[in-house]
Amino acid sequence: MSTVVQPQVPCILSDELEDFRASVRSFAQAKLAPGYLDRALSDETPREVRSMLAAQGLIGVEVSPEYGGQGADHLAAGIACEEVARADFNAAYMVFSSTVEGCILAAHSPLADELLPRIVKGELKLCLGLTEPGSGSDAAAMSTTATRVDGGWRLNGEKTSVTGLPSAHMAIVFARTDRGPTGFLVDLEDPTVSRQRFRDPGLRPVGRGAVTFEDTFVPEERLLGVEGRGFGLVMKEFDYTRSLLGLMAIAVAERAIELTVAYAQERTTFGRPLSEYQGITFPIAEHLTKLEAARWLCYRALSLRIAGRPHTKEAAMVKWWGPHIALQAIEECIVIHGHVGWSDEMPLQAMRRDVSALLIGDGTPQIQKLIIARDVFGREPKTRTAAPTS
Ligand SMILES: Cc1cc2nc3c(=O)[nH]c(=O)nc-3n(C[C@H](O)[C@H](O)[C@H](O)COP(=O)(O)OP(=O)(O)OC[C@H]3O[C@@H](n4cnc5c(N)ncnc54)[C@H](O)[C@@H]3O)c2cc1C
């Protein structure tokens with residue numbers, strides 16, 4: 001009996017996805033790229049950018065059409081993050097966070113019907129609080145508590161380093177109950193909640209801060225998923241967010257290289273354009289090679305997720321390697337631009353500062369390598385203390 005092998009074209013994105021990329025790129029380059037640098041140097045939340053993204057269907061891009069979303073899959077969401085980041089990293093963060101928050105609400109909140117349409121319209125903005133002053137990499141060591149009371153819970157504790165906190169209306173907060181870490185949706189306008197904004201070198205228009213809960217009441221219906229299973233919920237999301245963030249870092253580096261290629265063709269030294277020196281062109285070729293490889297590893301992690309196959313290791317790989325090689329490429333671009341590249345008159349420094357946020361946010365390189373190493377060597381013995389979890 002002969003086996004018929006169906007023809008396949010692996011490692012190529014579908015025409016539909018490439019058309020989607022072209023439309024997002026055309027919008028982002030026309031509407032977002034021109035204002036990127038001014039916005040990146042400001043702490044103002046650019047509400048008009050959020051509205052433009054929402055009008056374009058790029059806020060909560062995976063939300064089902066029944067709630068007004070595009071119902072995009074993970075690869076399309078990745079491409080949306082990538083193409084918006086190529087124009088404006090901070091705008092891409094809005095696409096990224098609304099996509100992830102939309103996925104969490106759709107999967108885990110009984111209030112999804114009410115909240116998802118507001119997310120898609122850009123009216124409701126969420127953020128995610130996991131890190132605490134005493135626990136970051138070892139997120140399971142959280143000390144924020146949620147105590148059962150009539151009709152819900154009372155939260156006490158502090159979350160820190162929360163991206164998007166300054167302009168958020170609600171936070172997805174992880175707190176410990178008798179049954180373990182649990183996710184809650186918390187109203188940030190509540191009078192028992194106080195916020196403090198940080199001064200940051202990058203991601204400035206998005207903002208980051210600390211939030212304190214003092215006997216904050218959270219009604220029963222704001223529980224996310226199942227009590228005591230919050231940790232599994234957030235870890236599953238990290239397997240997704242890490243690929244999206246990898247794509248964002250890579251896209252910024254590719255844009256920096258585009259600017260550098262144009263500059264190298266114009267700028268002459270010793271009577272010849274820079275583009276005629278291999279000392280300039282070979283490093284560009286090397287960076288593009290690595291970026292292309294990392295980009296496809298991101299698509300692979302997203303494709304594995306769509307197929308319902310394991311992808312924790314691949315997501316960890318792109319999370320440490322994507323920002324790492326993107327930063328190396330951007331720094332090379334700064335040097336190739338000479339003194340003008342170092343100045344804030346050019347966007348390269350802002351790109352470097354923005355992308356550097358991804359070295360730490362969503363888990364550091366050491367933690368990603370630990371996840372990969374566990375896949376290779378198995379988990380370390382339980383007798384050891386402080387096994388990092390994020
Ligand atoms: C820009 C930015 C955005 C962020 N956004 C959010 C957000 O929205 N929500 C949120 O909850 N958190 C957020 N964070 C926090 C982030 O997730 C944590 O900072 C990160 O997980 C590291 O935790 P930590 O800072 O407490 O460092 P620690 O856990 O104290 O680690 C300190 C250093 O030790 C290393 N290390 C720790 N354990 C080990 C080990 N076993 N082996 C080797 N090295 C180890 C770490 O890699 C790190 O370099 C953000 C952080 C940044 C910088």
# chains A, B, ... in the order shown; residues from 1 in each chain; ligands from 1
>>> residues_near_ligand(ligand="ligand 1", cutoff="9 Å", atoms="only C-alpha atoms and all ligand atoms", output="MDAnalysis selection string")
chainID A and resid 97 127:139 159:165 173:174 200 202:203 207:209 354:370 386:388 390
>>> residues_around(residues="A:Arg179", least_positions_apart="3", cutoff="8 Å", atoms="only C-alpha atoms", output="PDB file with N, CA and C atoms, in the first residue's frame")
ATOM      1  N   ARG A 176      -2.426  35.546  46.901  1.00  0.00           N
ATOM      2  CA  ARG A 176      -2.448  34.225  47.513  1.00  0.00           C
ATOM      3  C   ARG A 176      -3.717  34.049  48.354  1.00  0.00           C
ATOM      4  N   GLU A 227      -9.913  29.347  41.700  1.00  0.00           N
ATOM      5  CA  GLU A 227      -9.120  29.715  42.882  1.00  0.00           C
ATOM      6  C   GLU A 227      -7.948  28.744  43.064  1.00  0.00           C
ATOM      7  N   GLY A 228      -6.761  29.310  43.306  1.00  0.00           N
ATOM      8  CA  GLY A 228      -5.576  28.479  43.545  1.00  0.00           C
ATOM      9  C   GLY A 228      -4.848  28.059  42.274  1.00  0.00           C
TER      10      GLY A 228
END
>>> select_by_dssp(residues="stretch 206-294 of chain A", states="alpha helix (DSSP H)", output="NGL selection string")
:A and (230-266 or 278-294)
>>> write_last_selection(atoms="C-alpha atoms", output="PDB file, in the first residue's frame")
ATOM      1  CA  GLY A 230      -3.608  31.539  39.104  1.00  0.00           C
ATOM      2  CA  PHE A 231      -0.049  30.501  38.674  1.00  0.00           C
ATOM      3  CA  GLY A 232      -0.813  28.048  35.881  1.00  0.00           C
ATOM      4  CA  LEU A 233      -2.895  30.767  34.225  1.00  0.00           C
ATOM      5  CA  VAL A 234      -0.068  33.299  34.144  1.00  0.00           C
ATOM      6  CA  MET A 235       2.635  30.795  33.122  1.00  0.00           C
ATOM      7  CA  LYS A 236       0.518  29.699  30.153  1.00  0.00           C
ATOM      8  CA  GLU A 237       0.239  33.331  29.078  1.00  0.00           C
ATOM      9  CA  PHE A 238       4.031  33.820  29.368  1.00  0.00           C
ATOM     10  CA  ASP A 239       4.434  31.069  26.762  1.00  0.00           C
ATOM     11  CA  TYR A 240       2.491  33.348  24.444  1.00  0.00           C
ATOM     12  CA  THR A 241       3.674  36.834  25.446  1.00  0.00           C
ATOM     13  CA  ARG A 242       7.334  35.901  25.073  1.00  0.00           C
ATOM     14  CA  SER A 243       6.978  35.219  21.336  1.00  0.00           C
ATOM     15  CA  LEU A 244       5.086  38.486  20.792  1.00  0.00           C
ATOM     16  CA  LEU A 245       7.741  40.460  22.674  1.00  0.00           C
ATOM     17  CA  GLY A 246      10.496  38.708  20.703  1.00  0.00           C
ATOM     18  CA  LEU A 247       8.858  39.811  17.456  1.00  0.00           C
ATOM     19  CA  MET A 248       8.542  43.391  18.707  1.00  0.00           C
ATOM     20  CA  ALA A 249      12.246  43.613  19.615  1.00  0.00           C
ATOM     21  CA  ILE A 250      13.296  42.118  16.275  1.00  0.00           C
ATOM     22  CA  ALA A 251      11.093  44.508  14.282  1.00  0.00           C
ATOM     23  CA  VAL A 252      12.603  47.558  15.986  1.00  0.00           C
ATOM     24  CA  ALA A 253      16.117  46.306  15.155  1.00  0.00           C
ATOM     25  CA  GLU A 254      15.132  45.703  11.532  1.00  0.00           C
ATOM     26  CA  ARG A 255      13.833  49.278  11.305  1.00  0.00           C
ATOM     27  CA  ALA A 256      17.108  50.567  12.809  1.00  0.00           C
ATOM     28  CA  ILE A 257      18.969  48.627  10.123  1.00  0.00           C
ATOM     29  CA  GLU A 258      16.774  50.111   7.360  1.00  0.00           C
ATOM     30  CA  LEU A 259      17.679  53.600   8.577  1.00  0.00           C
ATOM     31  CA  THR A 260      21.341  52.593   8.723  1.00  0.00           C
ATOM     32  CA  VAL A 261      21.422  51.117   5.224  1.00  0.00           C
ATOM     33  CA  ALA A 262      20.014  54.395   3.850  1.00  0.00           C
ATOM     34  CA  TYR A 263      22.530  56.423   5.867  1.00  0.00           C
ATOM     35  CA  ALA A 264      25.469  54.239   4.777  1.00  0.00           C
ATOM     36  CA  GLN A 265      24.598  54.873   1.141  1.00  0.00           C
ATOM     37  CA  GLU A 266      24.591  58.655   1.618  1.00  0.00           C
ATOM     38  CA  GLN A 278      32.907  45.681   4.354  1.00  0.00           C
ATOM     39  CA  GLY A 279      33.494  46.919   7.896  1.00  0.00           C
ATOM     40  CA  ILE A 280      30.015  48.444   7.561  1.00  0.00           C
ATOM     41  CA  THR A 281      28.169  45.965   5.334  1.00  0.00           C
ATOM     42  CA  PHE A 282      29.270  42.669   6.907  1.00  0.00           C
ATOM     43  CA  PRO A 283      28.017  43.484  10.413  1.00  0.00           C
ATOM     44  CA  ILE A 284      24.672  44.490   8.857  1.00  0.00           C
ATOM     45  CA  ALA A 285      24.558  41.158   6.994  1.00  0.00           C
ATOM     46  CA  GLU A 286      25.336  39.305  10.234  1.00  0.00           C
ATOM     47  CA  HIS A 287      22.671  41.127  12.261  1.00  0.00           C
ATOM     48  CA  LEU A 288      20.037  40.535   9.572  1.00  0.00           C
ATOM     49  CA  THR A 289      20.884  36.817   9.514  1.00  0.00           C
ATOM     50  CA  LYS A 290      20.398  36.463  13.274  1.00  0.00           C
ATOM     51  CA  LEU A 291      17.251  38.592  13.321  1.00  0.00           C
ATOM     52  CA  GLU A 292      15.681  36.556  10.511  1.00  0.00           C
ATOM     53  CA  ALA A 293      16.452  33.298  12.361  1.00  0.00           C
ATOM     54  CA  ALA A 294      14.980  34.625  15.623  1.00  0.00           C
TER      55      ALA A 294
END
>>> atom_distance(atom1="atom CA of A:Glu331", atom2="atom CA of A:Glu44")
26.4 Å
>>> atom_distance(atom1="atom CA of A:Gly322", atom2="atom CA of A:Trp296")
10.7 Å
>>> select_by_dssp(residues="stretch 55-158 of chain A", states="strand (DSSP E or B)", output="list in words")
Leu126, Cys127, Leu128, Gly129, Glu132, Ser135, Thr145, Ala146, Thr147, Arg148, Val149, Gly152, Trp153, Arg154, Leu155, Asn156, Gly157 and Glu158 of chain A
